[in-house]
Amino acid sequence: MKVFFSLLSILFLVLSSGAQNAYIRSYGMAGSFNEGKGIVAFSDSTYILLGNRQTTGGQSSAWLFKVDSVGAIIWEKYFSSYELSTANNLARHDDTSVIVTGTVMQGTDYSIFAARVSTSGNIVWEKTFGTAAWDQGLCSTSDTSGNVWLCGYAQAIDTLDQDILVYKFDGNNGDSLFSKRIDDGLNDQGVYIDTAANNHLILASQSWNASSEMVHSRIWYFDNNLDTVWTYVPGYGEASVRTVECVFQDTFKRIIYCGELLPDTGIVDRFWYGCVSSAGAFAWELIQPPFYMKNIRRGIVNDLNEFYFTGGIFPYYFGYGNSDVGLWVDKEGLLQYYYFGA
């Protein structure tokens, strides 16, 4: 399971184990665009962070850097050898490296991008791949055998539609081992992937209709050959719009999903998370009032089976009003929760 928080700007809350105080640092150039996409913590109290920024040359670039326990930058790297690069996800590969996932523009073609980078800042491998049409990489995870699994989407040439893409890579050299393309309706995208027991895989996807209104999110459970074991659509048959942004397996091997929900009679998104069994059967859902977090993007679980969710508490990231970063913690979905707003 990936251990990172994804925030809205390069403003990260760094907590050392057992520390009494938190260090809050802001990174980026004044007056430029900076966006945070992930953070991975290591046992020596160092952290690797991923974001997107406009470089001094005015180029949009994915940005990876490492900081020490008080937030001082140790090294930083830009993926600037493309027309543009955009990072979307950072995941731990092992104790010595991370995987960066995103999208790059090469000539006039958008391709999926992935790179493995060591904790010392050396690039182990860097790859671009995809179909002959526009592709985008959204999330990745690594299994216990050292393979990398990545999800995103591809624009279909035959139907002018887009389909879910799932890739398996050799973690040692980044070579593609095999891939799977999934058509689940119209404008599909695989938005989040994580490993489960026995190196099985969990995928969250979203599908849209022609007017760009969400139709459904689906949870997929695959074996390690990418054969579908079961799928589950939260809120199937209901008029509400449920958007799954993240899935993970808890200590009881249940599948926890989180995201946002727009009630069929409402106009304000609500923070929403739920649970299905390892066999894909519905267990429970919790829908929070609209004055709590919205735009939930990431969730993790610890060894005590406590769920940690991060997101914003305002419906829109930019545009008007004020939005705060929020952290919501729940014990096993038993309504023993507490909430922090920045």
# chains A, B, ... in the order shown; residues from 1 in each chain; ligands from 1

call {"tool": "residues_around", "arguments": {"residues": "Lys168 (chain A)", "least_positions_apart": "6", "cutoff": "7 Å", "atoms": "only C-alpha atoms", "output": "ChimeraX atom specification"}}
result
/A:147-150,176-179

call {"tool": "residues_around", "arguments": {"residues": "region 84-86 of chain A", "least_positions_apart": "3", "cutoff": "7 Å", "atoms": "only C-alpha atoms", "output": "list of chain:residue names"}}
result
A:Asn52, A:Gln59, A:Ser60, A:Ser61, A:Ala62, A:Phe79, A:Ser80, A:Gly102, A:Thr103, A:Val104, A:Met105

call {"tool": "residues_around", "arguments": {"residues": "Glu260 (chain A)", "least_positions_apart": "6", "cutoff": "9 Å", "atoms": "only C-alpha atoms", "output": "PyMOL selection string"}}
result
chain A and resi 241-245+269-273+287+293-297

call {"tool": "write_last_selection", "arguments": {"atoms": "N, CA and C atoms", "output": "tab-separated table (two decimals), in the first residue's frame"}}
result
chain	number	residue	atom	x	y	z
A	241	VAL	N	-24.40	11.10	-7.71
A	241	VAL	CA	-23.15	10.94	-8.44
A	241	VAL	C	-22.04	10.63	-7.43
A	242	ARG	N	-21.49	9.43	-7.48
A	242	ARG	CA	-20.43	8.99	-6.58
A	242	ARG	C	-19.12	8.91	-7.36
A	243	THR	N	-18.14	9.66	-6.92
A	243	THR	CA	-16.85	9.72	-7.59
A	243	THR	C	-15.78	9.10	-6.70
A	244	VAL	N	-15.27	7.93	-7.07
A	244	VAL	CA	-14.20	7.29	-6.32
A	244	VAL	C	-12.86	7.84	-6.79
A	245	GLU	N	-12.04	8.31	-5.84
A	245	GLU	CA	-10.72	8.85	-6.15
A	245	GLU	C	-9.59	7.96	-5.66
A	269	ASP	N	-21.16	18.94	-3.03
A	269	ASP	CA	-20.50	17.65	-2.85
A	269	ASP	C	-20.31	17.35	-1.36
A	270	ARG	N	-20.34	16.07	-1.04
A	270	ARG	CA	-20.11	15.63	0.33
A	270	ARG	C	-18.95	14.64	0.37
A	271	PHE	N	-18.25	14.66	1.48
A	271	PHE	CA	-17.18	13.69	1.73
A	271	PHE	C	-17.82	12.33	1.95
A	272	TRP	N	-17.25	11.29	1.29
A	272	TRP	CA	-17.93	10.00	1.26
A	272	TRP	C	-16.90	8.89	1.17
A	273	TYR	N	-17.07	7.87	1.98
A	273	TYR	CA	-16.20	6.70	1.88
A	273	TYR	C	-16.97	5.47	2.29
A	287	ILE	N	-21.52	8.90	4.69
A	287	ILE	CA	-21.67	10.14	3.93
A	287	ILE	C	-21.68	11.28	4.94
A	293	MET	N	-14.99	17.90	4.62
A	293	MET	CA	-14.09	17.92	3.46
A	293	MET	C	-14.81	17.58	2.16
A	294	LYS	N	-14.27	18.17	1.09
A	294	LYS	CA	-14.70	17.85	-0.26
A	294	LYS	C	-13.45	17.60	-1.09
A	295	ASN	N	-13.63	17.17	-2.32
A	295	ASN	CA	-12.48	16.95	-3.19
A	295	ASN	C	-11.46	16.01	-2.56
A	296	ILE	N	-11.93	14.89	-1.99
A	296	ILE	CA	-11.03	13.92	-1.38
A	296	ILE	C	-10.21	13.25	-2.47
A	297	ARG	N	-8.91	13.17	-2.25
A	297	ARG	CA	-8.04	12.65	-3.29
A	297	ARG	C	-7.25	11.42	-2.86

call {"tool": "atom_distance", "arguments": {"atom1": "CA of Ala115 (chain A)", "atom2": "CA of Val100 (chain A)"}}
result
5.2 Å

call {"tool": "residues_around", "arguments": {"residues": "Gln155 (chain A)", "least_positions_apart": "6", "cutoff": "12 Å", "atoms": "only C-alpha atoms", "output": "PyMOL selection string"}}
result
chain A and resi 109-112+130-136+161-165+181-183+186-189

call {"tool": "residues_around", "arguments": {"residues": "Phe340 (chain A)", "least_positions_apart": "4", "cutoff": "8 Å", "atoms": "only C-alpha atoms", "output": "ChimeraX atom specification"}}
result
/A:326-328

call {"tool": "write_last_selection", "arguments": {"atoms": "N, CA, C and O atoms", "output": "PDB file, in the first residue's frame"}}
result
ATOM      1  N   GLY A 326      -7.530  19.569   4.433  1.00  0.00           N
ATOM      2  CA  GLY A 326      -8.126  18.843   5.551  1.00  0.00           C
ATOM      3  C   GLY A 326      -7.569  17.444   5.681  1.00  0.00           C
ATOM      4  O   GLY A 326      -7.153  16.826   4.699  1.00  0.00           O
ATOM      5  N   LEU A 327      -7.545  16.932   6.903  1.00  0.00           N
ATOM      6  CA  LEU A 327      -7.169  15.553   7.205  1.00  0.00           C
ATOM      7  C   LEU A 327      -8.259  14.940   8.065  1.00  0.00           C
ATOM      8  O   LEU A 327      -8.622  15.485   9.103  1.00  0.00           O
ATOM      9  N   TRP A 328      -8.786  13.813   7.631  1.00  0.00           N
ATOM     10  CA  TRP A 328      -9.854  13.106   8.337  1.00  0.00           C
ATOM     11  C   TRP A 328      -9.342  11.720   8.722  1.00  0.00           C
ATOM     12  O   TRP A 328      -8.811  10.991   7.887  1.00  0.00           O
TER      13      TRP A 328
END

call {"tool": "atom_distance", "arguments": {"atom1": "CA of Asn88 (chain A)", "atom2": "CA of Ile300 (chain A)"}}
result
17.2 Å

call {"tool": "closest_residue", "arguments": {"among": "A:Gly312, A:Gly107, A:Gly36, A:Gly121", "to": "Trp75 (chain A)", "atoms": "only C-alpha atoms"}}
result
A:Gly121

call {"tool": "select_by_dssp", "arguments": {"residues": "region 102-251 of chain A", "states": "strand (DSSP E or B)", "output": "PyMOL selection string"}}
result
chain A and resi 102-106+109-118+123-129+135-142+147-155+162-170+176-182+189-195+201-208+214-222+228-232+241-249

call {"tool": "residues_around", "arguments": {"residues": "Ile123 (chain A)", "least_positions_apart": "6", "cutoff": "10 Å", "atoms": "only C-alpha atoms", "output": "MDAnalysis selection string"}}
result
chainID A and resid 77 97:98 115:117

call {"tool": "write_last_selection", "arguments": {"atoms": "N, CA and C atoms", "output": "PDB file, in the first residue's frame"}}
result
ATOM      1  N   LYS A  77      15.147  17.516  -8.883  1.00  0.00           N
ATOM      2  CA  LYS A  77      15.264  17.166 -10.282  1.00  0.00           C
ATOM      3  C   LYS A  77      14.037  17.648 -11.040  1.00  0.00           C
ATOM      4  N   SER A  97      13.890   3.628  -3.335  1.00  0.00           N
ATOM      5  CA  SER A  97      13.493   4.330  -4.553  1.00  0.00           C
ATOM      6  C   SER A  97      11.996   4.584  -4.587  1.00  0.00           C
ATOM      7  N   VAL A  98      11.593   5.497  -5.482  1.00  0.00           N
ATOM      8  CA  VAL A  98      10.191   5.852  -5.690  1.00  0.00           C
ATOM      9  C   VAL A  98       9.876   5.767  -7.183  1.00  0.00           C
ATOM     10  N   ALA A 115       9.035   6.934 -14.171  1.00  0.00           N
ATOM     11  CA  ALA A 115      10.458   6.914 -13.857  1.00  0.00           C
ATOM     12  C   ALA A 115      10.658   6.343 -12.463  1.00  0.00           C
ATOM     13  N   ARG A 116      11.715   5.587 -12.312  1.00  0.00           N
ATOM     14  CA  ARG A 116      12.134   5.126 -10.987  1.00  0.00           C
ATOM     15  C   ARG A 116      13.358   5.930 -10.579  1.00  0.00           C
ATOM     16  N   VAL A 117      13.301   6.537  -9.402  1.00  0.00           N
ATOM     17  CA  VAL A 117      14.364   7.418  -8.928  1.00  0.00           C
ATOM     18  C   VAL A 117      14.808   6.942  -7.553  1.00  0.00           C
TER      19      VAL A 117
END

call {"tool": "closest_residue", "arguments": {"among": "A:Asn34, A:Thr144, A:Ser240, A:Ser217", "to": "Gly266 (chain A)", "atoms": "only C-alpha atoms"}}
result
A:Ser240

call {"tool": "closest_residue", "arguments": {"among": "A:Leu262, A:Ile256, A:Lys66, A:Phe222", "to": "Asn198 (chain A)", "atoms": "only C-alpha atoms"}}
result
A:Phe222

call {"tool": "atom_distance", "arguments": {"atom1": "CA of Asn122 (chain A)", "atom2": "CA of Asn89 (chain A)"}}
result
18.3 Å
